[in-house]
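File shown: data_4.pdb. Contents: PDB, C-alpha atoms.
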ATOM      1  CA  MET G   1       1.912  -7.051 -17.969
ATOM      2  CA  PRO G   2       0.177  -7.836 -21.264
ATOM      3  CA  ILE G   3       3.559  -9.267 -22.356
ATOM      4  CA  PHE G   4       4.290 -12.985 -22.433
ATOM      5  CA  PHE G   5       6.581 -14.517 -19.834
ATOM      6  CA  GLU G   6       9.147 -15.432 -22.504
ATOM      7  CA  ASP G   7       9.423 -11.815 -23.709
ATOM      8  CA  LEU G   8      10.130 -10.242 -20.328
ATOM      9  CA  VAL G   9      13.837  -9.543 -19.900
ATOM     10  CA  ILE G  10      15.534  -9.700 -16.525
ATOM     11  CA  GLY G  11      17.183  -6.394 -15.670
ATOM     12  CA  GLN G  12      15.257  -4.306 -18.172
ATOM     13  CA  ARG G  13      13.690  -1.224 -16.621
ATOM     14  CA  HIS G  14      10.280  -0.196 -17.873
ATOM     15  CA  ASP G  15       8.997   3.321 -17.165
ATOM     16  CA  ILE G  16       5.307   3.325 -16.352
ATOM     17  CA  GLY G  17       4.711   7.080 -16.208
ATOM     18  CA  SER G  18       4.900  10.263 -14.163
ATOM     19  CA  PHE G  19       2.533  12.039 -11.802
ATOM     20  CA  THR G  20       2.621  15.472 -10.202
ATOM     21  CA  PHE G  21       1.474  15.680  -6.582
ATOM     22  CA  THR G  22      -0.474  18.937  -6.188
ATOM     23  CA  PRO G  23      -1.862  20.513  -3.011
ATOM     24  CA  GLU G  24      -5.324  19.576  -4.313
ATOM     25  CA  ASN G  25      -4.711  15.871  -4.937
ATOM     26  CA  ILE G  26      -2.581  15.491  -1.770
ATOM     27  CA  VAL G  27      -5.339  16.955   0.427
ATOM     28  CA  ALA G  28      -8.149  15.066  -1.375
ATOM     29  CA  TYR G  29      -6.382  11.746  -0.775
ATOM     30  CA  ALA G  30      -5.549  12.621   2.841
ATOM     31  CA  ARG G  31      -9.137  13.601   3.675
ATOM     32  CA  ASP G  32     -10.302  10.185   2.504
ATOM     33  CA  PHE G  33      -7.546   7.961   3.851
ATOM     34  CA  ASP G  34      -4.782   9.635   5.897
ATOM     35  CA  PRO G  35      -5.966  12.834   7.638
ATOM     36  CA  GLN G  36      -2.751  13.663   9.477
ATOM     37  CA  PRO G  37      -1.887  17.389   9.741
ATOM     38  CA  PHE G  38       1.186  17.311   7.461
ATOM     39  CA  HIS G  39      -0.996  15.895   4.638
ATOM     40  CA  LEU G  40      -3.818  18.435   5.058
ATOM     41  CA  SER G  41      -2.297  21.941   4.882
ATOM     42  CA  ASP G  42       0.966  23.854   4.648
ATOM     43  CA  GLU G  43       0.077  25.676   7.865
ATOM     44  CA  ALA G  44      -0.334  22.477   9.884
ATOM     45  CA  ALA G  45       2.676  20.825   8.190
ATOM     46  CA  ALA G  46       4.873  23.827   9.137
ATOM     47  CA  LYS G  47       4.494  22.810  12.794
ATOM     48  CA  THR G  48       5.847  19.287  12.119
ATOM     49  CA  HIS G  49       9.224  17.900  11.089
ATOM     50  CA  PHE G  50       8.064  17.804   7.441
ATOM     51  CA  GLY G  51       7.896  21.608   7.335
ATOM     52  CA  ARG G  52       5.400  21.809   4.470
ATOM     53  CA  LEU G  53       2.579  19.906   2.814
ATOM     54  CA  CYS G  54       3.598  16.408   1.734
ATOM     55  CA  ALA G  55       1.768  13.406   0.320
ATOM     56  CA  SER G  56       0.681  10.353   2.299
ATOM     57  CA  GLY G  57       3.037   7.462   1.678
ATOM     58  CA  TRP G  58       0.001   5.378   0.773
ATOM     59  CA  HIS G  59      -0.915   7.974  -1.848
ATOM     60  CA  THR G  60       2.462   7.451  -3.554
ATOM     61  CA  ALA G  61       1.720   3.699  -3.590
ATOM     62  CA  CYS G  62      -1.793   4.202  -5.007
ATOM     63  CA  VAL G  63      -0.393   6.359  -7.811
ATOM     64  CA  TYR G  64       1.986   3.526  -8.704
ATOM     65  CA  MET G  65      -1.051   1.250  -9.232
ATOM     66  CA  LYS G  66      -2.890   3.955 -11.191
ATOM     67  CA  LEU G  67       0.029   4.386 -13.590
ATOM     68  CA  LEU G  68       0.628   0.636 -13.859
ATOM     69  CA  VAL G  69      -2.985  -0.037 -14.903
ATOM     70  CA  GLN G  70      -2.909   2.832 -17.417
ATOM     71  CA  ASP G  71       0.376   1.578 -18.863
ATOM     72  CA  ARG G  72      -0.858  -2.031 -19.137
ATOM     73  CA  GLN G  73      -4.097  -0.946 -20.803
ATOM     74  CA  ALA G  74      -2.190   1.220 -23.317
ATOM     75  CA  LEU G  75       0.250  -1.617 -24.089
ATOM     76  CA  ALA G  76      -2.617  -4.082 -24.573
ATOM     77  CA  ALA G  77      -4.493  -1.664 -26.853
ATOM     78  CA  ALA G  78      -1.367  -1.087 -28.966
ATOM     79  CA  LYS G  79      -0.807  -4.831 -29.321
ATOM     80  CA  THR G  80      -4.427  -5.404 -30.294
ATOM     81  CA  ALA G  81      -4.209  -2.603 -32.865
ATOM     82  CA  ARG G  82      -1.146  -4.301 -34.395
ATOM     83  CA  GLY G  83      -2.929  -7.669 -34.455
ATOM     84  CA  GLU G  84      -0.518  -9.128 -31.893
ATOM     85  CA  PRO G  85      -1.605 -11.549 -29.160
ATOM     86  CA  VAL G  86      -2.050  -9.981 -25.712
ATOM     87  CA  ALA G  87      -0.889 -12.045 -22.751
ATOM     88  CA  LYS G  88      -3.351 -12.590 -19.924
ATOM     89  CA  MET G  89      -2.341 -10.836 -16.744
ATOM     90  CA  GLY G  90      -2.133 -12.792 -13.541
ATOM     91  CA  GLY G  91      -2.827 -11.284 -10.175
ATOM     92  CA  SER G  92      -0.351 -10.460  -7.462
ATOM     93  CA  PRO G  93      -0.546 -12.161  -4.078
ATOM     94  CA  GLY G  94       1.081  -9.188  -2.369
ATOM     95  CA  PHE G  95       4.474  -7.572  -2.052
ATOM     96  CA  THR G  96       7.267  -6.928   0.354
ATOM     97  CA  GLU G  97       9.936  -4.467   1.494
ATOM     98  CA  LEU G  98       7.980  -1.289   0.804
ATOM     99  CA  LYS G  99      10.076   1.759   1.726
ATOM    100  CA  TRP G 100       9.201   5.434   1.862
ATOM    101  CA  LEU G 101      12.706   6.823   1.439
ATOM    102  CA  ARG G 102      12.056  10.581   1.283
ATOM    103  CA  PRO G 103       9.048  12.869   1.694
ATOM    104  CA  VAL G 104       7.017  13.695  -1.424
ATOM    105  CA  TYR G 105       6.145  17.407  -1.254
ATOM    106  CA  ALA G 106       3.401  19.344  -3.012
ATOM    107  CA  GLY G 107       4.740  20.220  -6.455
ATOM    108  CA  ASP G 108       6.964  17.140  -6.758
ATOM    109  CA  THR G 109       6.710  15.070  -9.932
ATOM    110  CA  LEU G 110       7.485  11.384  -9.497
ATOM    111  CA  THR G 111       8.546   9.054 -12.286
ATOM    112  CA  TYR G 112       7.728   5.402 -11.642
ATOM    113  CA  ALA G 113       9.384   2.342 -13.160
ATOM    114  CA  HIS G 114       9.554  -1.385 -12.622
ATOM    115  CA  THR G 115      12.331  -3.823 -13.370
ATOM    116  CA  VAL G 116      12.034  -7.601 -13.628
ATOM    117  CA  THR G 117      14.659  -8.959 -11.245
ATOM    118  CA  ASP G 118      14.034 -12.683 -11.759
ATOM    119  CA  LYS G 119      11.596 -15.088 -13.380
ATOM    120  CA  ARG G 120      10.871 -18.789 -13.260
ATOM    121  CA  MET G 121       8.315 -21.343 -14.426
ATOM    122  CA  SER G 122       5.427 -22.131 -12.108
ATOM    123  CA  ALA G 123       5.590 -25.759 -10.990
ATOM    124  CA  SER G 124       1.906 -25.869 -10.082
ATOM    125  CA  ARG G 125       0.499 -23.792 -12.966
ATOM    126  CA  PRO G 126       2.295 -24.759 -16.191
ATOM    127  CA  GLU G 127       0.553 -22.108 -18.301
ATOM    128  CA  TRP G 128       2.094 -19.405 -16.170
ATOM    129  CA  GLY G 129       5.477 -18.144 -15.135
ATOM    130  CA  ILE G 130       6.302 -16.148 -12.027
ATOM    131  CA  LEU G 131       7.928 -12.736 -12.256
ATOM    132  CA  PHE G 132       9.831 -11.007  -9.500
ATOM    133  CA  PHE G 133      10.197  -7.272  -9.816
ATOM    134  CA  VAL G 134      11.235  -4.097  -8.061
ATOM    135  CA  ASN G 135       9.113  -0.948  -8.375
ATOM    136  CA  GLU G 136      10.740   2.423  -7.833
ATOM    137  CA  ALA G 137       9.868   6.120  -8.007
ATOM    138  CA  TRP G 138      12.154   9.136  -8.273
ATOM    139  CA  ASN G 139      11.371  12.813  -7.841
ATOM    140  CA  GLN G 140      12.266  15.600 -10.302
ATOM    141  CA  ASN G 141      15.737  15.862  -8.709
ATOM    142  CA  GLY G 142      16.494  12.214  -9.430
ATOM    143  CA  GLU G 143      16.199  11.221  -5.763
ATOM    144  CA  LYS G 144      14.589   7.859  -5.137
ATOM    145  CA  VAL G 145      11.589   8.348  -2.837
ATOM    146  CA  PHE G 146       9.779   4.999  -2.918
ATOM    147  CA  GLU G 147      10.360   1.346  -3.672
ATOM    148  CA  PHE G 148       8.881  -2.067  -3.099
ATOM    149  CA  LYS G 149       9.355  -5.605  -4.337
ATOM    150  CA  GLY G 150       6.691  -7.921  -5.660
ATOM    151  CA  SER G 151       5.842 -10.975  -7.673
ATOM    152  CA  ALA G 152       3.121 -11.726 -10.209
ATOM    153  CA  PHE G 153       2.025 -14.434 -12.601
ATOM    154  CA  ALA G 154       2.652 -13.933 -16.334
ATOM    155  CA  GLU G 155       1.138 -16.054 -19.118
ATOM    156  CA  ARG G 156       3.533 -18.294 -21.044
ATOM    157  CA  ARG G 157       3.421 -18.164 -24.838
ATOM    158  CA  GLU G 158       4.671 -21.755 -25.066
ATOM    159  CA  LYS G 159       2.468 -23.785 -22.779
ATOM    160  CA  ALA G 160       4.279 -26.573 -20.972
TER     161      ALA G 160
ATOM    162  CA  MET Y   1       0.241   5.150  18.679
ATOM    163  CA  PRO Y   2      -0.311   7.951  21.196
ATOM    164  CA  ILE Y   3       0.774   5.403  23.831
ATOM    165  CA  PHE Y   4       4.245   5.383  25.363
ATOM    166  CA  PHE Y   5       6.709   2.668  24.399
ATOM    167  CA  GLU Y   6       6.737   1.285  27.958
ATOM    168  CA  ASP Y   7       2.943   0.806  27.952
ATOM    169  CA  LEU Y   8       2.719  -1.230  24.739
ATOM    170  CA  VAL Y   9       2.376  -4.920  25.480
ATOM    171  CA  ILE Y  10       3.819  -7.567  23.178
ATOM    172  CA  GLY Y  11       1.096  -9.924  21.940
ATOM    173  CA  GLN Y  12      -1.824  -7.670  22.799
ATOM    174  CA  ARG Y  13      -4.212  -7.230  19.895
ATOM    175  CA  HIS Y  14      -5.771  -3.808  19.426
ATOM    176  CA  ASP Y  15      -8.863  -3.441  17.207
ATOM    177  CA  ILE Y  16      -8.719  -0.264  15.175
ATOM    178  CA  GLY Y  17     -12.193  -0.405  13.637
ATOM    179  CA  SER Y  18     -14.423  -1.749  10.895
ATOM    180  CA  PHE Y  19     -15.333  -0.601   7.397
ATOM    181  CA  THR Y  20     -17.966  -1.782   4.916
ATOM    182  CA  PHE Y  21     -16.919  -1.891   1.280
ATOM    183  CA  THR Y  22     -19.892  -0.749  -0.814
ATOM    184  CA  PRO Y  23     -20.278  -0.733  -4.600
ATOM    185  CA  GLU Y  24     -20.031   3.062  -4.404
ATOM    186  CA  ASN Y  25     -16.778   3.311  -2.444
ATOM    187  CA  ILE Y  26     -15.192   0.374  -4.345
ATOM    188  CA  VAL Y  27     -15.895   2.000  -7.720
ATOM    189  CA  ALA Y  28     -14.908   5.501  -6.552
ATOM    190  CA  TYR Y  29     -11.528   4.223  -5.382
ATOM    191  CA  ALA Y  30     -11.008   2.143  -8.523
ATOM    192  CA  ARG Y  31     -11.776   5.056 -10.857
ATOM    193  CA  ASP Y  32      -9.073   7.094  -9.155
ATOM    194  CA  PHE Y  33      -6.387   4.464  -8.619
ATOM    195  CA  ASP Y  34      -7.085   0.955  -9.967
ATOM    196  CA  PRO Y  35      -9.490   0.954 -12.953
ATOM    197  CA  GLN Y  36      -9.473  -2.780 -13.660
ATOM    198  CA  PRO Y  37     -12.803  -4.295 -14.793
ATOM    199  CA  PHE Y  38     -13.409  -6.400 -11.652
ATOM    200  CA  HIS Y  39     -13.178  -3.230  -9.504
ATOM    201  CA  LEU Y  40     -15.542  -1.159 -11.704
ATOM    202  CA  SER Y  41     -18.816  -3.094 -12.119
ATOM    203  CA  ASP Y  42     -20.532  -6.394 -11.361
ATOM    204  CA  GLU Y  43     -21.117  -6.916 -15.080
ATOM    205  CA  ALA Y  44     -17.429  -6.642 -15.982
ATOM    206  CA  ALA Y  45     -16.364  -8.629 -12.902
ATOM    207  CA  ALA Y  46     -18.723 -11.480 -13.893
ATOM    208  CA  LYS Y  47     -16.465 -12.126 -16.909
ATOM    209  CA  THR Y  48     -13.372 -12.566 -14.701
ATOM    210  CA  HIS Y  49     -12.319 -15.168 -12.139
ATOM    211  CA  PHE Y  50     -13.571 -12.887  -9.335
ATOM    212  CA  GLY Y  51     -17.182 -13.347 -10.509
ATOM    213  CA  ARG Y  52     -18.501 -10.125  -8.966
ATOM    214  CA  LEU Y  53     -17.441  -6.661  -7.916
ATOM    215  CA  CYS Y  54     -14.513  -6.670  -5.491
ATOM    216  CA  ALA Y  55     -12.298  -4.011  -3.946
ATOM    217  CA  SER Y  56      -8.811  -3.110  -5.089
ATOM    218  CA  GLY Y  57      -6.212  -4.633  -2.786
ATOM    219  CA  TRP Y  58      -4.733  -1.164  -2.396
ATOM    220  CA  HIS Y  59      -8.134   0.104  -1.260
ATOM    221  CA  THR Y  60      -8.108  -2.417   1.618
ATOM    222  CA  ALA Y  61      -4.657  -1.081   2.575
ATOM    223  CA  CYS Y  62      -5.798   2.566   2.398
ATOM    224  CA  VAL Y  63      -8.752   1.796   4.670
ATOM    225  CA  TYR Y  64      -6.316   0.338   7.220
ATOM    226  CA  MET Y  65      -4.545   3.715   7.317
ATOM    227  CA  LYS Y  66      -7.844   5.612   7.504
ATOM    228  CA  LEU Y  67      -8.974   3.578  10.525
ATOM    229  CA  LEU Y  68      -5.547   3.751  12.172
ATOM    230  CA  VAL Y  69      -5.448   7.553  11.998
ATOM    231  CA  GLN Y  70      -9.034   7.822  13.323
ATOM    232  CA  ASP Y  71      -8.222   5.430  16.165
ATOM    233  CA  ARG Y  72      -5.025   7.268  17.108
ATOM    234  CA  GLN Y  73      -6.781  10.645  17.075
ATOM    235  CA  ALA Y  74      -9.615   9.306  19.260
ATOM    236  CA  LEU Y  75      -7.128   7.748  21.716
ATOM    237  CA  ALA Y  76      -5.137  10.979  21.898
ATOM    238  CA  ALA Y  77      -8.301  13.058  22.459
ATOM    239  CA  ALA Y  78      -9.452  10.721  25.238
ATOM    240  CA  LYS Y  79      -6.056  10.935  26.969
ATOM    241  CA  THR Y  80      -6.037  14.710  26.697
ATOM    242  CA  ALA Y  81      -9.568  14.866  28.154
ATOM    243  CA  ARG Y  82      -8.390  12.783  31.120
ATOM    244  CA  GLY Y  83      -5.350  15.021  31.596
ATOM    245  CA  GLU Y  84      -2.948  12.213  30.701
ATOM    246  CA  PRO Y  85       0.218  12.771  28.666
ATOM    247  CA  VAL Y  86      -0.017  11.830  25.007
ATOM    248  CA  ALA Y  87       3.019  10.147  23.467
ATOM    249  CA  LYS Y  88       4.439  11.623  20.272
ATOM    250  CA  MET Y  89       3.979   9.361  17.301
ATOM    251  CA  GLY Y  90       6.967   8.477  15.183
ATOM    252  CA  GLY Y  91       6.735   7.785  11.500
ATOM    253  CA  SER Y  92       7.045   4.467   9.765
ATOM    254  CA  PRO Y  93       9.848   3.864   7.279
ATOM    255  CA  GLY Y  94       7.729   1.314   5.404
ATOM    256  CA  PHE Y  95       6.537  -2.237   5.833
ATOM    257  CA  THR Y  96       6.914  -5.729   4.528
ATOM    258  CA  GLU Y  97       5.139  -8.985   3.684
ATOM    259  CA  LEU Y  98       1.839  -7.475   2.587
ATOM    260  CA  LYS Y  99      -0.558 -10.240   1.537
ATOM    261  CA  TRP Y 100      -3.975 -10.086  -0.070
ATOM    262  CA  LEU Y 101      -5.273 -13.445   1.119
ATOM    263  CA  ARG Y 102      -8.877 -13.421  -0.184
ATOM    264  CA  PRO Y 103     -10.994 -11.135  -2.349
ATOM    265  CA  VAL Y 104     -12.962  -8.389  -0.623
ATOM    266  CA  TYR Y 105     -16.397  -8.249  -2.263
ATOM    267  CA  ALA Y 106     -18.970  -5.461  -2.333
ATOM    268  CA  GLY Y 107     -20.963  -5.746   0.888
ATOM    269  CA  ASP Y 108     -18.099  -7.205   2.935
ATOM    270  CA  THR Y 109     -17.312  -5.602   6.283
ATOM    271  CA  LEU Y 110     -13.682  -5.848   7.369
ATOM    272  CA  THR Y 111     -12.470  -5.549  10.939
ATOM    273  CA  TYR Y 112      -8.874  -4.369  11.259
ATOM    274  CA  ALA Y 113      -6.488  -4.922  14.159
ATOM    275  CA  HIS Y 114      -2.808  -4.630  14.938
ATOM    276  CA  THR Y 115      -0.677  -6.564  17.379
ATOM    277  CA  VAL Y 116       2.742  -5.569  18.698
ATOM    278  CA  THR Y 117       4.989  -8.558  17.983
ATOM    279  CA  ASP Y 118       8.238  -7.179  19.408
ATOM    280  CA  LYS Y 119       9.794  -3.980  20.722
ATOM    281  CA  ARG Y 120      13.244  -2.734  21.528
ATOM    282  CA  MET Y 121      15.099   0.455  22.440
ATOM    283  CA  SER Y 122      16.528   2.542  19.625
ATOM    284  CA  ALA Y 123      20.326   2.650  19.851
ATOM    285  CA  SER Y 124      20.588   5.806  17.770
ATOM    286  CA  ARG Y 125      17.545   7.690  19.155
ATOM    287  CA  PRO Y 126      17.390   7.222  22.938
ATOM    288  CA  GLU Y 127      14.067   9.082  23.292
ATOM    289  CA  TRP Y 128      12.373   6.488  21.129
ATOM    290  CA  GLY Y 129      11.725   2.781  21.024
ATOM    291  CA  ILE Y 130      11.033   0.699  17.961
ATOM    292  CA  LEU Y 131       7.831  -1.315  17.665
ATOM    293  CA  PHE Y 132       7.298  -4.259  15.378
ATOM    294  CA  PHE Y 133       3.706  -5.138  14.598
ATOM    295  CA  VAL Y 134       1.433  -7.198  12.410
ATOM    296  CA  ASN Y 135      -1.713  -5.652  10.918
ATOM    297  CA  GLU Y 136      -4.580  -7.899   9.949
ATOM    298  CA  ALA Y 137      -8.131  -7.654   8.590
ATOM    299  CA  TRP Y 138     -10.942 -10.210   8.695
ATOM    300  CA  ASN Y 139     -14.266 -10.243   6.866
ATOM    301  CA  GLN Y 140     -17.699 -10.761   8.439
ATOM    302  CA  ASN Y 141     -17.202 -14.546   8.199
ATOM    303  CA  GLY Y 142     -14.024 -14.415  10.269
ATOM    304  CA  GLU Y 143     -11.808 -15.138   7.268
ATOM    305  CA  LYS Y 144      -8.513 -13.268   7.230
ATOM    306  CA  VAL Y 145      -8.283 -11.286   3.984
ATOM    307  CA  PHE Y 146      -5.269  -9.021   4.467
ATOM    308  CA  GLU Y 147      -2.114  -8.713   6.516
ATOM    309  CA  PHE Y 148       1.206  -6.947   6.571
ATOM    310  CA  LYS Y 149       4.087  -6.401   8.961
ATOM    311  CA  GLY Y 150       5.652  -3.102   9.889
ATOM    312  CA  SER Y 151       7.731  -1.135  12.331
ATOM    313  CA  ALA Y 152       7.412   2.336  13.810
ATOM    314  CA  PHE Y 153       9.030   4.570  16.387
ATOM    315  CA  ALA Y 154       7.248   5.100  19.723
ATOM    316  CA  GLU Y 155       8.166   7.762  22.292
ATOM    317  CA  ARG Y 156       9.664   6.528  25.569
ATOM    318  CA  ARG Y 157       8.194   7.812  28.815
ATOM    319  CA  GLU Y 158      11.489   7.333  30.611
ATOM    320  CA  LYS Y 159      14.120   8.990  28.469
ATOM    321  CA  ALA Y 160      17.449   7.187  28.465
TER     322      ALA Y 160
END
Please, can you express the file's structure as structure tokens?
Amino acid sequence: MPIFFEDLVIGQRHDIGSFTFTPENIVAYARDFDPQPFHLSDEAAAKTHFGRLCASGWHTACVYMKLLVQDRQALAAAKTARGEPVAKMGGSPGFTELKWLRPVYAGDTLTYAHTVTDKRMSASRPEWGILFFVNEAWNQNGEKVFEFKGSAFAERREKA
Amino acid sequence: MPIFFEDLVIGQRHDIGSFTFTPENIVAYARDFDPQPFHLSDEAAAKTHFGRLCASGWHTACVYMKLLVQDRQALAAAKTARGEPVAKMGGSPGFTELKWLRPVYAGDTLTYAHTVTDKRMSASRPEWGILFFVNEAWNQNGEKVFEFKGSAFAERREKA
């Protein structure tokens, strides 16, 4: 996040955007990275327990990253335009507890959000704090389809 | 895996294949899903702590899935050609403890493998067992760059 550690509020949900999974983008992703029948055509998917074309679970995760980067870049540009300082963004060492809760079918529109669940100073890197967050996505019916938990470094405004 | 639950051996490592990350495939992935400067060009990456072009962490995860699907399809085809039964493959509900341990730079070749770490019968679905596994990838210098843990259903040969 281009937002300083001190300004991030535990429990506040931040929407990062929406994305519609189409037959075209589902099949394009699957051809490159997950060519299983239920991700390649309605005809092949009809013979499986999914019943019709649905997105690779990894595709739903990749779209989270796509929207996150777009959202961060837009936030940073808006801050720069207002003459406000933009916090440096730290990397993420990984994540945990990723769950694909429901299928994502062709035509579904997912809305993604993340929520800071906890934060603390970094003992080893005093210019940074550590954020803990949950990332979630819901379909157009309000059903949660995807979630995972992660952590990332965030720059501190007040250096220790 | 197209292999029956009974035939999967705890602790046995199974290589699923290798993949070379090129400037072309790194940038193509990043344009679609992770357009951060260090994934888009050597010039932009030189201004960051990475120093040169490196792959999105999500790209390394997507390539795991690509190789896994190719490996499963090849194993299933070989079994069919030998007249052996092919186990049905169950889905995965998700995974946990994904770690990006080192950068993956343009030119790196990763070798991916998975190891069954535990297995047990499914109480609720007697035709299936549950596998627990760790997935890992190493670069051409033998350095581990990526790992995560997961679980999946595997068909039982001897139905309960």
| Contact residues (chain G, partner chain Y, 6 Å, all atoms listed in the file) as a ChimeraX atom specification | /G:33-34,62,66,93-100
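Selection by the PyMOL selection byres ((chain G and resi 81-90) around 6) on the present file picks out Met1, Pro2, Ile3, Phe4, Ala78, Lys79, Thr80, Gly91, Phe153, Ala154 and Glu155 of chain G.
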| request: List the residues matched by the PyMOL selection byres ((chain G and resi 103) around 7) in the displayed structure as a VMD selection string, ordered by chain and then by residue number. | output: chain G and resid 54 102 104 to 105 145
Write the selection just made, keeping C-alpha atoms, as an mmCIF file, keeping the file's coordinate frame?
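The result, stored in part02.cif:
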data_model
loop_
_atom_site.group_PDB
_atom_site.id
_atom_site.type_symbol
_atom_site.label_atom_id
_atom_site.label_comp_id
_atom_site.auth_asym_id
_atom_site.auth_seq_id
_atom_site.Cartn_x
_atom_site.Cartn_y
_atom_site.Cartn_z
ATOM 1 C CA CYS G 54 3.598 16.408 1.734
ATOM 2 C CA ARG G 102 12.056 10.581 1.283
ATOM 3 C CA VAL G 104 7.017 13.695 -1.424
ATOM 4 C CA TYR G 105 6.145 17.407 -1.254
ATOM 5 C CA VAL G 145 11.589 8.348 -2.837
#
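Take atom CA of G:Asp15 and atom CA of G:Lys159: the distance between them is 28.4 Å.
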| said: Could you tell me how far atom CA of Y:Ser41 sits from atom CA of Y:Leu110, in Å to one decimal place? | reply: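 It comes out at 20.3 Å.
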| When distances are computed from only C-alpha atoms, which of G:Leu53, G:Leu131, G:Met121, G:Ala152 shows the smallest separation from G:Asp108? |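 The answer is G:Leu53, which sits nearest to G:Asp108.
Evaluated against this file, the PyMOL selection byres ((chain G and resi 16) around 8) yields His14, Asp15, Gly17, Ser18, Leu67, Leu68, Asp71, Thr111, Tyr112, Ala113 and His114 of chain G.
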For those residues, write C-alpha atoms to a file as a short mmCIF file (atom, residue, chain, number, x, y, z; two decimals), in the frame of the given file.
data_model
loop_
_atom_site.label_atom_id
_atom_site.label_comp_id
_atom_site.auth_asym_id
_atom_site.auth_seq_id
_atom_site.Cartn_x
_atom_site.Cartn_y
_atom_site.Cartn_z
CA HIS G 14 10.28 -0.20 -17.87
CA ASP G 15 9.00 3.32 -17.16
CA GLY G 17 4.71 7.08 -16.21
CA SER G 18 4.90 10.26 -14.16
CA LEU G 67 0.03 4.39 -13.59
CA LEU G 68 0.63 0.64 -13.86
CA ASP G 71 0.38 1.58 -18.86
CA THR G 111 8.55 9.05 -12.29
CA TYR G 112 7.73 5.40 -11.64
CA ALA G 113 9.38 2.34 -13.16
CA HIS G 114 9.55 -1.38 -12.62
#
Listed atoms of stretch 84-101 of chain G, axis-aligned box, 4 Å per side: centre and edge lengths to one decimal in Å, as JSON?
{"center_x": 4.7, "center_y": -3.0, "center_z": -15.0, "size_x": 24.1, "size_y": 27.6, "size_z": 41.8}
| query | Separation of atom CA of Y:Val9 and atom CA of Y:Arg120, in Å? | reply | 11.8 Å
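Comparing the minimum interatomic distances between G:Thr20 and each of G:Trp128, G:Asn141, G:Thr109, G:Val116, counting all atoms listed in the file, we find that G:Thr109 sits nearest.
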Please produce stretch 53-67 of chain Y, completed to N, CA and C atoms, as a PDB file, in the coordinates of the input.
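Result saved to selection_2.pdb:
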ATOM      1  N   LEU Y  53     -18.207  -7.861  -8.259  1.00  0.00           N
ATOM      2  CA  LEU Y  53     -17.441  -6.661  -7.916  1.00  0.00           C
ATOM      3  C   LEU Y  53     -16.633  -6.858  -6.634  1.00  0.00           C
ATOM      4  N   CYS Y  54     -15.358  -6.556  -6.681  1.00  0.00           N
ATOM      5  CA  CYS Y  54     -14.513  -6.670  -5.491  1.00  0.00           C
ATOM      6  C   CYS Y  54     -13.576  -5.474  -5.415  1.00  0.00           C
ATOM      7  N   ALA Y  55     -13.102  -5.211  -4.210  1.00  0.00           N
ATOM      8  CA  ALA Y  55     -12.298  -4.011  -3.946  1.00  0.00           C
ATOM      9  C   ALA Y  55     -10.856  -4.202  -4.394  1.00  0.00           C
ATOM     10  N   SER Y  56     -10.259  -3.117  -4.840  1.00  0.00           N
ATOM     11  CA  SER Y  56      -8.811  -3.110  -5.089  1.00  0.00           C
ATOM     12  C   SER Y  56      -8.073  -3.489  -3.807  1.00  0.00           C
ATOM     13  N   GLY Y  57      -7.038  -4.300  -3.950  1.00  0.00           N
ATOM     14  CA  GLY Y  57      -6.212  -4.633  -2.786  1.00  0.00           C
ATOM     15  C   GLY Y  57      -5.620  -3.397  -2.132  1.00  0.00           C
ATOM     16  N   TRP Y  58      -5.281  -2.404  -2.950  1.00  0.00           N
ATOM     17  CA  TRP Y  58      -4.733  -1.164  -2.396  1.00  0.00           C
ATOM     18  C   TRP Y  58      -5.788  -0.407  -1.607  1.00  0.00           C
ATOM     19  N   HIS Y  59      -7.040  -0.534  -2.013  1.00  0.00           N
ATOM     20  CA  HIS Y  59      -8.134   0.104  -1.260  1.00  0.00           C
ATOM     21  C   HIS Y  59      -8.199  -0.488   0.159  1.00  0.00           C
ATOM     22  N   THR Y  60      -8.071  -1.806   0.276  1.00  0.00           N
ATOM     23  CA  THR Y  60      -8.108  -2.417   1.618  1.00  0.00           C
ATOM     24  C   THR Y  60      -6.950  -1.909   2.475  1.00  0.00           C
ATOM     25  N   ALA Y  61      -5.802  -1.626   1.832  1.00  0.00           N
ATOM     26  CA  ALA Y  61      -4.657  -1.081   2.575  1.00  0.00           C
ATOM     27  C   ALA Y  61      -4.918   0.372   2.989  1.00  0.00           C
ATOM     28  N   CYS Y  62      -5.511   1.156   2.083  1.00  0.00           N
ATOM     29  CA  CYS Y  62      -5.798   2.566   2.398  1.00  0.00           C
ATOM     30  C   CYS Y  62      -6.792   2.673   3.548  1.00  0.00           C
ATOM     31  N   VAL Y  63      -7.761   1.759   3.590  1.00  0.00           N
ATOM     32  CA  VAL Y  63      -8.752   1.796   4.670  1.00  0.00           C
ATOM     33  C   VAL Y  63      -8.096   1.461   6.008  1.00  0.00           C
ATOM     34  N   TYR Y  64      -7.090   0.574   5.993  1.00  0.00           N
ATOM     35  CA  TYR Y  64      -6.316   0.338   7.220  1.00  0.00           C
ATOM     36  C   TYR Y  64      -5.766   1.662   7.751  1.00  0.00           C
ATOM     37  N   MET Y  65      -5.154   2.454   6.872  1.00  0.00           N
ATOM     38  CA  MET Y  65      -4.545   3.715   7.317  1.00  0.00           C
ATOM     39  C   MET Y  65      -5.607   4.686   7.813  1.00  0.00           C
ATOM     40  N   LYS Y  66      -6.729   4.731   7.095  1.00  0.00           N
ATOM     41  CA  LYS Y  66      -7.844   5.612   7.504  1.00  0.00           C
ATOM     42  C   LYS Y  66      -8.290   5.271   8.930  1.00  0.00           C
ATOM     43  N   LEU Y  67      -8.498   3.991   9.201  1.00  0.00           N
ATOM     44  CA  LEU Y  67      -8.974   3.578  10.525  1.00  0.00           C
ATOM     45  C   LEU Y  67      -7.898   3.800  11.583  1.00  0.00           C
TER      46      LEU Y  67
END
